[in-house]
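As stored in my_file.tsv (TSV, C-alpha atoms):
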```
chain	number	residue	atom	x	y	z
A	1	MET	CA	147.96	258.57	-6.57
A	2	ASP	CA	144.76	260.53	-7.11
A	3	VAL	CA	145.42	261.61	-10.71
A	4	LEU	CA	146.66	259.18	-13.37
A	5	VAL	CA	147.09	259.62	-17.11
A	6	GLU	CA	148.06	256.98	-19.64
A	7	CYS	CA	150.25	257.74	-22.66
A	8	VAL	CA	150.87	255.43	-25.62
A	9	PRO	CA	153.70	256.89	-27.73
A	10	ASN	CA	154.43	255.09	-31.00
A	11	PHE	CA	158.01	255.16	-32.26
A	12	SER	CA	159.17	254.36	-35.79
A	13	GLU	CA	161.57	251.62	-34.73
A	14	GLY	CA	160.50	248.01	-34.50
A	15	ARG	CA	163.62	246.05	-35.44
A	16	ASP	CA	166.45	247.12	-33.14
A	17	PRO	CA	165.75	246.26	-29.49
A	18	VAL	CA	168.81	248.22	-28.34
A	19	LYS	CA	167.35	251.43	-29.74
A	20	VAL	CA	163.93	250.71	-28.29
A	21	ASP	CA	165.49	249.94	-24.89
A	22	ALA	CA	167.28	253.29	-24.99
A	23	ILE	CA	164.06	255.16	-25.82
A	24	VAL	CA	162.13	253.39	-23.07
A	25	GLN	CA	164.85	254.04	-20.50
A	26	ALA	CA	164.80	257.73	-21.41
A	27	MET	CA	161.17	257.79	-20.27
A	28	LEU	CA	161.56	255.98	-16.96
A	29	GLY	CA	163.55	258.39	-14.82
A	30	SER	CA	160.61	259.60	-12.75
A	31	PRO	CA	159.32	257.63	-9.74
A	32	GLU	CA	155.82	258.75	-10.74
A	33	VAL	CA	155.87	256.99	-14.13
A	34	VAL	CA	155.47	253.24	-14.72
A	35	LEU	CA	155.89	251.21	-17.90
A	36	LEU	CA	152.73	249.18	-18.56
A	37	ASP	CA	153.61	247.54	-21.87
A	38	ARG	CA	155.97	247.59	-24.84
A	39	GLN	CA	155.60	245.87	-28.20
A	40	MET	CA	157.81	245.83	-31.28
A	41	ASP	CA	156.74	244.84	-34.79
A	42	TRP	CA	159.32	244.11	-37.50
A	43	ASP	CA	157.03	244.56	-40.50
A	44	HIS	CA	155.33	247.68	-39.16
A	45	HIS	CA	158.83	248.85	-38.09
A	46	ARG	CA	157.15	250.37	-35.08
A	47	SER	CA	157.10	250.13	-31.30
A	48	VAL	CA	154.08	250.85	-29.14
A	49	ILE	CA	154.95	251.84	-25.56
A	50	THR	CA	152.32	252.24	-22.84
A	51	LEU	CA	153.07	254.37	-19.77
A	52	VAL	CA	151.02	255.62	-16.84
A	53	GLY	CA	151.78	258.27	-14.27
A	54	ALA	CA	151.14	261.65	-12.75
A	55	PRO	CA	150.39	264.16	-15.54
A	56	GLU	CA	153.41	266.46	-15.28
A	57	SER	CA	155.87	263.64	-14.63
A	58	LEU	CA	154.40	261.67	-17.51
A	59	ALA	CA	154.72	264.65	-19.84
A	60	GLU	CA	158.38	265.07	-18.95
A	61	ALA	CA	158.98	261.35	-19.39
A	62	VAL	CA	157.48	261.39	-22.88
A	63	LEU	CA	159.59	264.38	-23.84
A	64	GLY	CA	162.66	262.39	-22.82
A	65	GLY	CA	161.57	259.61	-25.16
A	66	VAL	CA	160.91	262.01	-28.03
A	67	GLY	CA	164.39	263.48	-27.66
A	68	ARG	CA	166.06	260.08	-27.56
A	69	ALA	CA	164.08	258.87	-30.58
A	70	ALA	CA	165.21	261.93	-32.54
A	71	GLU	CA	168.81	260.97	-31.81
A	72	LEU	CA	168.41	257.31	-32.77
A	73	ILE	CA	165.89	257.15	-35.62
A	74	ASP	CA	166.50	258.42	-39.15
A	75	LEU	CA	163.21	258.48	-41.03
A	76	THR	CA	164.97	258.98	-44.36
A	77	ARG	CA	166.20	255.37	-44.00
A	78	HIS	CA	163.03	253.96	-42.48
A	79	GLN	CA	160.81	251.50	-44.33
A	80	GLY	CA	157.83	249.70	-42.84
A	81	VAL	CA	154.30	248.79	-43.81
A	82	HIS	CA	152.65	251.07	-41.23
A	83	PRO	CA	152.02	254.74	-42.10
A	84	ARG	CA	154.32	257.11	-40.20
A	85	LEU	CA	155.02	260.80	-39.91
A	86	GLY	CA	157.96	260.98	-37.54
A	87	ALA	CA	160.54	259.19	-35.42
A	88	THR	CA	158.05	259.68	-32.61
A	89	ASP	CA	154.96	259.23	-34.70
A	90	VAL	CA	152.06	259.77	-32.30
A	91	VAL	CA	151.74	260.72	-28.64
A	92	PRO	CA	148.20	260.21	-27.31
A	93	PHE	CA	147.24	261.03	-23.71
A	94	VAL	CA	144.35	259.06	-22.19
A	95	PRO	CA	142.50	259.84	-18.92
A	96	VAL	CA	142.69	257.06	-16.33
A	97	ARG	CA	141.75	258.42	-12.90
A	98	GLY	CA	140.90	261.82	-11.48
A	99	VAL	CA	141.38	263.63	-14.78
A	100	THR	CA	139.15	264.58	-17.71
A	101	LEU	CA	139.69	264.24	-21.44
A	102	GLU	CA	139.78	268.04	-21.66
A	103	GLU	CA	142.60	268.18	-19.11
A	104	CYS	CA	144.49	265.55	-21.10
A	105	ALA	CA	144.01	267.71	-24.20
A	106	ARG	CA	145.57	270.67	-22.43
A	107	LEU	CA	148.48	268.44	-21.38
A	108	ALA	CA	148.88	267.36	-25.01
A	109	VAL	CA	149.06	270.97	-26.16
A	110	ARG	CA	151.82	271.74	-23.66
A	111	VAL	CA	153.80	268.70	-24.72
A	112	ALA	CA	153.37	269.49	-28.41
A	113	GLU	CA	154.67	273.02	-27.89
A	114	GLU	CA	157.60	271.75	-25.85
A	115	ILE	CA	158.57	269.17	-28.50
A	116	TRP	CA	159.03	272.00	-30.98
A	117	ARG	CA	160.82	274.23	-28.47
A	118	ARG	CA	163.31	271.60	-27.32
A	119	PHE	CA	163.90	269.50	-30.42
A	120	GLN	CA	162.78	271.61	-33.38
A	121	ILE	CA	160.34	268.87	-34.38
A	122	PRO	CA	157.09	270.37	-35.72
A	123	THR	CA	153.93	269.04	-34.08
A	124	TYR	CA	150.30	268.53	-35.03
A	125	LEU	CA	147.41	268.35	-32.58
A	126	TYR	CA	144.79	265.65	-33.12
A	127	GLU	CA	141.65	264.09	-31.60
A	128	ALA	CA	140.44	266.01	-28.51
A	129	ALA	CA	143.45	268.36	-28.65
A	130	ALA	CA	142.89	269.37	-32.29
A	131	ARG	CA	142.54	273.05	-33.10
A	132	ARG	CA	141.17	272.40	-36.59
A	133	PRO	CA	138.21	270.09	-37.28
A	134	GLU	CA	139.97	268.37	-40.15
A	135	ARG	CA	142.83	267.39	-37.84
A	136	ARG	CA	140.73	265.48	-35.34
A	137	GLN	CA	141.31	262.36	-37.42
A	138	LEU	CA	144.93	261.26	-37.31
A	139	GLU	CA	144.78	259.77	-40.81
A	140	ASN	CA	144.11	263.24	-42.24
A	141	ILE	CA	147.36	264.50	-40.75
A	142	ARG	CA	149.39	261.45	-41.74
A	143	ARG	CA	148.09	261.12	-45.31
A	144	GLY	CA	151.04	260.75	-47.67
A	145	GLN	CA	153.34	260.15	-44.72
A	146	PHE	CA	156.77	261.64	-44.07
A	147	GLU	CA	157.86	261.80	-47.71
A	148	ARG	CA	154.83	263.71	-48.99
A	149	LEU	CA	154.81	266.11	-46.07
A	150	ARG	CA	158.52	266.81	-46.50
A	151	GLU	CA	157.90	267.81	-50.12
A	152	ARG	CA	154.77	269.91	-49.62
A	153	ILE	CA	154.84	271.44	-46.15
A	154	GLY	CA	156.70	274.55	-47.24
A	155	CYS	CA	154.27	275.49	-50.01
A	156	ASP	CA	150.88	274.30	-48.71
A	157	PRO	CA	149.52	276.30	-45.73
A	158	THR	CA	146.96	273.56	-44.97
A	159	LEU	CA	149.91	271.36	-43.99
A	160	TRP	CA	151.58	273.82	-41.65
A	161	PRO	CA	152.03	272.44	-38.13
A	162	ASP	CA	150.27	273.67	-35.02
A	163	PHE	CA	153.66	274.31	-33.42
A	164	GLY	CA	156.83	275.01	-35.34
A	165	GLU	CA	157.90	276.27	-38.71
A	166	PRO	CA	156.62	274.81	-42.00
A	167	ARG	CA	159.54	272.41	-42.36
A	168	LEU	CA	160.23	268.94	-41.04
A	169	HIS	CA	163.08	267.92	-38.80
A	170	PRO	CA	165.53	266.45	-41.35
A	171	THR	CA	165.59	262.97	-39.78
A	172	ALA	CA	162.88	262.93	-37.09
A	173	GLY	CA	160.06	264.32	-39.25
A	174	ALA	CA	157.03	265.58	-37.33
A	175	THR	CA	154.96	264.31	-34.41
A	176	ALA	CA	151.20	264.18	-33.80
A	177	VAL	CA	150.18	264.80	-30.19
A	178	GLY	CA	146.65	264.36	-28.95
A	179	ALA	CA	144.20	263.23	-26.30
A	180	ARG	CA	141.63	260.50	-26.72
A	181	LYS	CA	139.50	257.93	-24.98
A	182	PRO	CA	140.86	254.38	-24.59
A	183	LEU	CA	141.49	252.81	-27.99
A	184	ILE	CA	141.93	249.13	-28.81
A	185	ALA	CA	144.46	248.22	-31.48
A	186	PHE	CA	143.51	244.82	-32.85
A	187	ASN	CA	145.23	243.07	-35.77
A	188	ILE	CA	143.57	240.19	-37.65
A	189	PHE	CA	145.59	237.81	-39.82
A	190	LEU	CA	144.31	236.43	-43.12
A	191	SER	CA	145.18	233.61	-45.46
A	192	PRO	CA	146.16	233.74	-48.28
A	193	ASP	CA	149.10	236.12	-48.03
A	194	ASP	CA	147.48	238.78	-50.21
A	195	GLY	CA	147.92	242.50	-49.54
A	196	PRO	CA	145.25	243.72	-52.00
A	197	LEU	CA	142.75	241.31	-50.48
A	198	ALA	CA	143.50	242.61	-46.99
A	199	ARG	CA	143.04	246.18	-48.21
A	200	ALA	CA	139.69	245.23	-49.75
A	201	VAL	CA	138.53	243.76	-46.43
A	202	ALA	CA	139.67	246.88	-44.58
A	203	ARG	CA	137.72	249.11	-46.95
A	204	LYS	CA	134.62	247.00	-46.41
A	205	ILE	CA	134.54	247.29	-42.64
A	206	ARG	CA	135.99	250.71	-41.71
A	207	ALA	CA	133.70	253.58	-40.79
A	208	SER	CA	135.10	256.01	-43.37
A	209	SER	CA	133.98	253.65	-46.16
A	210	GLY	CA	130.50	253.16	-44.72
A	211	GLY	CA	131.35	250.14	-42.59
A	212	LEU	CA	131.28	249.75	-38.83
A	213	PRO	CA	131.08	252.87	-36.65
A	214	SER	CA	134.15	253.76	-34.57
A	215	VAL	CA	136.36	251.42	-36.60
A	216	LYS	CA	139.50	252.43	-38.47
A	217	ALA	CA	141.18	249.79	-40.62
A	218	ILE	CA	144.02	249.35	-43.07
A	219	GLY	CA	145.07	246.24	-44.99
A	220	LEU	CA	148.71	245.21	-45.04
A	221	ARG	CA	151.03	242.44	-46.13
A	222	LEU	CA	153.64	241.32	-43.58
A	223	PRO	CA	156.66	240.12	-45.56
A	224	SER	CA	158.59	238.63	-42.63
A	225	ARG	CA	155.61	236.52	-41.56
A	226	ALA	CA	154.19	235.72	-45.03
A	227	ARG	CA	150.77	236.81	-43.78
A	228	ALA	CA	148.22	239.42	-44.67
A	229	GLN	CA	146.76	241.59	-41.94
A	230	VAL	CA	143.79	243.86	-41.31
A	231	ALA	CA	144.98	246.34	-38.69
A	232	LEU	CA	142.08	247.81	-36.71
A	233	ASN	CA	141.71	250.69	-34.30
A	234	LEU	CA	138.50	250.49	-32.31
A	235	THR	CA	137.99	254.04	-31.11
A	236	ASP	CA	134.86	253.23	-29.10
A	237	TYR	CA	134.61	249.56	-28.17
A	238	GLU	CA	131.19	250.11	-26.60
A	239	THR	CA	129.86	251.17	-30.00
A	240	THR	CA	131.62	248.44	-31.96
A	241	SER	CA	133.02	245.59	-29.90
A	242	ILE	CA	136.06	243.47	-30.67
A	243	GLU	CA	133.80	240.51	-31.44
A	244	THR	CA	131.63	242.54	-33.81
A	245	ALA	CA	134.69	243.80	-35.66
A	246	PHE	CA	136.22	240.31	-35.79
A	247	GLN	CA	133.03	238.79	-37.20
A	248	ALA	CA	132.77	241.54	-39.82
A	249	VAL	CA	136.34	240.91	-40.98
A	250	GLU	CA	135.68	237.17	-41.04
A	251	ARG	CA	132.57	237.59	-43.21
A	252	ALA	CA	134.28	240.03	-45.58
A	253	ALA	CA	137.31	237.75	-45.91
A	254	GLN	CA	135.18	234.68	-46.58
A	255	ALA	CA	133.27	236.56	-49.28
A	256	LEU	CA	136.60	237.09	-51.04
A	257	GLY	CA	137.74	233.50	-50.64
A	258	ALA	CA	140.01	234.08	-47.65
A	259	GLU	CA	139.94	233.02	-44.01
A	260	VAL	CA	140.94	234.46	-40.65
A	261	THR	CA	143.86	232.52	-39.18
A	262	GLY	CA	144.56	234.48	-36.00
A	263	SER	CA	144.65	237.85	-34.30
A	264	GLU	CA	146.63	239.91	-31.80
A	265	ILE	CA	146.11	242.76	-29.37
A	266	VAL	CA	148.57	245.64	-29.70
A	267	GLY	CA	149.12	247.31	-26.35
A	268	LEU	CA	146.39	246.81	-23.76
A	269	ALA	CA	142.62	246.30	-23.76
A	270	PRO	CA	140.03	247.06	-21.06
A	271	ARG	CA	138.60	244.00	-19.31
A	272	ARG	CA	135.06	244.84	-20.41
A	273	ALA	CA	136.21	244.85	-24.02
A	274	LEU	CA	137.98	241.49	-23.86
A	275	PRO	CA	136.35	238.91	-21.60
A	276	GLU	CA	138.52	235.83	-21.17
A	277	GLU	CA	135.88	233.51	-22.60
A	278	ALA	CA	136.07	235.37	-25.94
A	279	VAL	CA	139.81	234.87	-26.45
A	280	SER	CA	139.55	231.52	-28.23
A	281	ARG	CA	136.69	232.71	-30.46
A	282	LEU	CA	138.77	235.70	-31.46
A	283	LYS	CA	141.85	233.50	-32.15
A	284	ILE	CA	144.08	235.87	-30.15
A	285	GLU	CA	147.64	234.59	-30.36
A	286	ASN	CA	149.32	236.85	-27.80
A	287	TYR	CA	146.74	236.78	-25.00
A	288	ARG	CA	148.03	236.80	-21.44
A	289	PRO	CA	146.59	238.36	-18.27
A	290	GLU	CA	148.90	241.36	-18.69
A	291	VAL	CA	147.07	242.30	-21.90
A	292	ILE	CA	144.17	243.46	-19.73
A	293	LEU	CA	144.57	247.12	-18.85
A	294	GLU	CA	143.13	246.84	-15.35
A	295	ASN	CA	145.57	244.06	-14.44
A	296	ARG	CA	148.56	246.18	-15.40
A	297	LEU	CA	147.11	249.27	-13.74
A	298	GLU	CA	146.69	247.38	-10.50
A	299	GLN	CA	150.33	246.35	-10.63
A	300	ALA	CA	151.40	249.88	-11.57
A	301	LEU	CA	149.45	251.44	-8.71
A	302	ALA	CA	151.08	249.07	-6.24
A	303	GLU	CA	154.50	250.01	-7.65
A	304	LEU	CA	153.75	253.73	-7.49
A	305	GLU	CA	152.54	253.47	-3.89
A	306	LEU	CA	155.66	251.53	-2.92
A	307	ARG	CA	157.87	254.15	-4.51
A	308	SER	CA	155.97	256.92	-2.74
A	309	ALA	CA	156.29	255.16	0.61
A	310	SER	CA	160.02	254.65	0.14
A	311	ARG	CA	160.52	258.33	-0.64
A	312	ASN	CA	158.65	259.33	2.50
A	313	VAL	CA	160.71	257.15	4.83
A	314	ARG	CA	163.07	259.33	6.80
A	315	PRO	CA	166.44	257.95	7.89
A	316	THR	CA	166.78	257.49	11.65
```

Starting from the file, lay out its structure as structure tokens.
Amino acid sequence: MDVLVECVPNFSEGRDPVKVDAIVQAMLGSPEVVLLDRQMDWDHHRSVITLVGAPESLAEAVLGGVGRAAELIDLTRHQGVHPRLGATDVVPFVPVRGVTLEECARLAVRVAEEIWRRFQIPTYLYEAAARRPERRQLENIRRGQFERLRERIGCDPTLWPDFGEPRLHPTAGATAVGARKPLIAFNIFLSPDDGPLARAVARKIRASSGGLPSVKAIGLRLPSRARAQVALNLTDYETTSIETAFQAVERAAQALGAEVTGSEIVGLAPRRALPEEAVSRLKIENYRPEVILENRLEQALAELELRSASRNVRPT
């Protein structure tokens, strides 16, 4: 396939595998879309699904997932440590091959409009798809989360969605749809199990607080694992590498009397960003070859080509 786009929708369900299975299956009806990865997190109460495919087929697949999530997830009963805005929380499109970031942004706009039209879920555009400068950063849209937005959206024009009326879907909330470059989600675990300490470390190293460029970070406590966590998004790993971010967290934690006990990759990471020889230094607990984006893409391309060949075979 000459044109490939990646999409990494995040759903506000990380505890019920039956629901997550149903959402994933709703996205896999097209022969031009392949599942690259899926991860569930109990404490975050969140699933991160990675898909790749032809742009229009991928867009339709994601819409299927958004609709199924709206049926299965009730945000009024949802509690997790990760910030969230909707049942389908974020839908980022990422260029892979034969497509530009600008084209992915246009795809995001079409999907955002269609989410409102089909499901009456208001949508916000972020990153490269944003129509307002203040909405380029996802955290600006998600500040206060579902509960705050539900209370204020009707009376505060600055909170009105890009598509839809100034009201949330009663159970599915709102969804942020955007386009961005590849992002690495990297969680670092700390001891002791201290949420305020993790938040202090996050403040020290994130770009918005004067820390490392291209780094977003929040500090969390994970009750089910009795661990603290600094959850990082590296928005440009060539500006700030995984190792640089890891070392900064380690130094900040040590300064507060804590230590790094492990880490994990959420989703996939480019090979250049995560050389195999760095895995032990970074204390990555969930490393496997399939964590590397290029490895999964190679497998996905082979699967897509096989599907295409089988469709083109004519019966004799």

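Distance-wise, atom CA of A:Asp16 and atom CA of A:Arg77 end up 13.6 Å apart.
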
When you look at A:Gly267 with a cut-off of 8 Å (counting all atoms listed in the file), what residues show up, excluding the ones that are within fewer than 5 positions of it in the same chain? I need them as a PyMOL selection string. chain A and resi 37-39+48-50+184-185+291

Residues near A:Phe119, anyone? I mean within 12 Å using all atoms listed in the file, not counting same-chain ones fewer than 5 positions away, as a PyMOL selection string. chain A and resi 63-71+87-88+111-114+163-164+168-175

Tell me which protein, DNA and RNA residues are within 8 Å of A:Ala253, counting all atoms listed in the file, leaving out same-chain ones fewer than 6 positions away, and put them as a list in words.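 The residues satisfying every condition are Leu190, Leu197, Ala198, Val201, Glu259 and Val260 of chain A.
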
Could you check the closest approach to A:Arg15 for each of A:Ile188, A:Cys104, A:Ser224, A:Gly195 and tell me which residue wins, using only C-alpha atoms?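 Smallest separation from A:Arg15 among the options: A:Ser224.
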
Within 10 Å of A:Arg206 using only C-alpha atoms, minus same-chain residues under 3 positions, as a PDB file with C-alpha atoms, keeping the file's coordinate frame:
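Okay, this is what ended up in out39.pdb:
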```pdb
ATOM      1  CA  VAL A 201     138.530 243.760 -46.430  1.00  0.00           C
ATOM      2  CA  ALA A 202     139.670 246.880 -44.580  1.00  0.00           C
ATOM      3  CA  ARG A 203     137.720 249.110 -46.950  1.00  0.00           C
ATOM      4  CA  SER A 209     133.980 253.650 -46.160  1.00  0.00           C
ATOM      5  CA  GLY A 210     130.500 253.160 -44.720  1.00  0.00           C
ATOM      6  CA  GLY A 211     131.350 250.140 -42.590  1.00  0.00           C
ATOM      7  CA  LEU A 212     131.280 249.750 -38.830  1.00  0.00           C
ATOM      8  CA  PRO A 213     131.080 252.870 -36.650  1.00  0.00           C
ATOM      9  CA  SER A 214     134.150 253.760 -34.570  1.00  0.00           C
ATOM     10  CA  VAL A 215     136.360 251.420 -36.600  1.00  0.00           C
ATOM     11  CA  LYS A 216     139.500 252.430 -38.470  1.00  0.00           C
ATOM     12  CA  ALA A 217     141.180 249.790 -40.620  1.00  0.00           C
ATOM     13  CA  ILE A 218     144.020 249.350 -43.070  1.00  0.00           C
ATOM     14  CA  LEU A 232     142.080 247.810 -36.710  1.00  0.00           C
ATOM     15  CA  ASN A 233     141.710 250.690 -34.300  1.00  0.00           C
ATOM     16  CA  LEU A 234     138.500 250.490 -32.310  1.00  0.00           C
ATOM     17  CA  ALA A 245     134.690 243.800 -35.660  1.00  0.00           C
ATOM     18  CA  ALA A 248     132.770 241.540 -39.820  1.00  0.00           C
ATOM     19  CA  VAL A 249     136.340 240.910 -40.980  1.00  0.00           C
TER      20      VAL A 249
END
```

May I have the residues at most 12 Å from (145.1, 260.2, -37.6) in the file's coordinates, counting all atoms listed in the file, as a PDB file with C-alpha atoms, keeping the file's coordinate frame?
```
ATOM      1  CA  PRO A  83     152.020 254.740 -42.100  1.00  0.00           C
ATOM      2  CA  ARG A  84     154.320 257.110 -40.200  1.00  0.00           C
ATOM      3  CA  LEU A  85     155.020 260.800 -39.910  1.00  0.00           C
ATOM      4  CA  ASP A  89     154.960 259.230 -34.700  1.00  0.00           C
ATOM      5  CA  VAL A  90     152.060 259.770 -32.300  1.00  0.00           C
ATOM      6  CA  VAL A  91     151.740 260.720 -28.640  1.00  0.00           C
ATOM      7  CA  PRO A  92     148.200 260.210 -27.310  1.00  0.00           C
ATOM      8  CA  TYR A 124     150.300 268.530 -35.030  1.00  0.00           C
ATOM      9  CA  LEU A 125     147.410 268.350 -32.580  1.00  0.00           C
ATOM     10  CA  TYR A 126     144.790 265.650 -33.120  1.00  0.00           C
ATOM     11  CA  GLU A 127     141.650 264.090 -31.600  1.00  0.00           C
ATOM     12  CA  ALA A 128     140.440 266.010 -28.510  1.00  0.00           C
ATOM     13  CA  ALA A 130     142.890 269.370 -32.290  1.00  0.00           C
ATOM     14  CA  GLU A 134     139.970 268.370 -40.150  1.00  0.00           C
ATOM     15  CA  ARG A 135     142.830 267.390 -37.840  1.00  0.00           C
ATOM     16  CA  ARG A 136     140.730 265.480 -35.340  1.00  0.00           C
ATOM     17  CA  GLN A 137     141.310 262.360 -37.420  1.00  0.00           C
ATOM     18  CA  LEU A 138     144.930 261.260 -37.310  1.00  0.00           C
ATOM     19  CA  GLU A 139     144.780 259.770 -40.810  1.00  0.00           C
ATOM     20  CA  ASN A 140     144.110 263.240 -42.240  1.00  0.00           C
ATOM     21  CA  ILE A 141     147.360 264.500 -40.750  1.00  0.00           C
ATOM     22  CA  ARG A 142     149.390 261.450 -41.740  1.00  0.00           C
ATOM     23  CA  ARG A 143     148.090 261.120 -45.310  1.00  0.00           C
ATOM     24  CA  GLY A 144     151.040 260.750 -47.670  1.00  0.00           C
ATOM     25  CA  GLN A 145     153.340 260.150 -44.720  1.00  0.00           C
ATOM     26  CA  THR A 175     154.960 264.310 -34.410  1.00  0.00           C
ATOM     27  CA  ALA A 176     151.200 264.180 -33.800  1.00  0.00           C
ATOM     28  CA  VAL A 177     150.180 264.800 -30.190  1.00  0.00           C
ATOM     29  CA  GLY A 178     146.650 264.360 -28.950  1.00  0.00           C
ATOM     30  CA  ALA A 179     144.200 263.230 -26.300  1.00  0.00           C
ATOM     31  CA  ARG A 180     141.630 260.500 -26.720  1.00  0.00           C
ATOM     32  CA  LYS A 216     139.500 252.430 -38.470  1.00  0.00           C
ATOM     33  CA  ALA A 217     141.180 249.790 -40.620  1.00  0.00           C
ATOM     34  CA  ASN A 233     141.710 250.690 -34.300  1.00  0.00           C
ATOM     35  CA  THR A 235     137.990 254.040 -31.110  1.00  0.00           C
TER      36      THR A 235
END
```

As an exercise, work out the distance from atom CA of A:Ala54 to atom CA of A:Pro270 in Å and give it to one decimal place.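 Those two atoms sit 20.1 Å apart.
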
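You can rank A:Lys181, A:Arg307, A:Arg167, A:Arg131 by their closest distance to A:Arg148 using all atoms listed in the file, and at the top of that list sits A:Arg167.
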
Tell me, in Å to one decimal, how far atom CA of A:Leu304 is from atom CA of A:Leu107.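 Separation of atom CA of A:Leu304 and atom CA of A:Leu107: 20.9 Å.
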
Please identify all polymer residues within 9 Å of A:Gly53, counting all atoms listed in the file, omitting same-chain residues fewer than 2 positions from it, and present them as a short mmCIF file (atom, residue, chain, number, x, y, z; two decimals) with C-alpha atoms, in the coordinates of the input.
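And here is the file that came out, selection33.cif:
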```
data_model
loop_
_atom_site.label_atom_id
_atom_site.label_comp_id
_atom_site.auth_asym_id
_atom_site.auth_seq_id
_atom_site.Cartn_x
_atom_site.Cartn_y
_atom_site.Cartn_z
CA MET A 1 147.96 258.57 -6.57
CA VAL A 3 145.42 261.61 -10.71
CA LEU A 4 146.66 259.18 -13.37
CA VAL A 5 147.09 259.62 -17.11
CA GLU A 6 148.06 256.98 -19.64
CA CYS A 7 150.25 257.74 -22.66
CA PRO A 31 159.32 257.63 -9.74
CA GLU A 32 155.82 258.75 -10.74
CA VAL A 33 155.87 256.99 -14.13
CA VAL A 34 155.47 253.24 -14.72
CA LEU A 35 155.89 251.21 -17.90
CA LEU A 51 153.07 254.37 -19.77
CA PRO A 55 150.39 264.16 -15.54
CA GLU A 56 153.41 266.46 -15.28
CA SER A 57 155.87 263.64 -14.63
CA LEU A 58 154.40 261.67 -17.51
CA ALA A 59 154.72 264.65 -19.84
CA ALA A 300 151.40 249.88 -11.57
CA LEU A 304 153.75 253.73 -7.49
#
```

Residue nearest A:His78 among A:Tyr287, A:Ser12, A:Leu36, A:Gly98 (counting all atoms listed in the file):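 Between A:Tyr287, A:Ser12, A:Leu36, A:Gly98, the residue approaching A:His78 most closely is A:Ser12.
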
Across A:Ile73, A:Leu101, A:Ile242, A:Ala61, the smallest distance to A:Arg46, with only C-alpha atoms counted, is shown by A:Ile73

Could you give me the centre and size, in Å to one decimal, of an axis-aligned box around all listed atoms of stretch 272-278 of chain A with 4 Å added on every side, as AutoDock Vina command-line options?
```
--center_x 136.8 --center_y 239.2 --center_z -23.2 --size_x 11.5 --size_y 19.3 --size_z 13.5
```
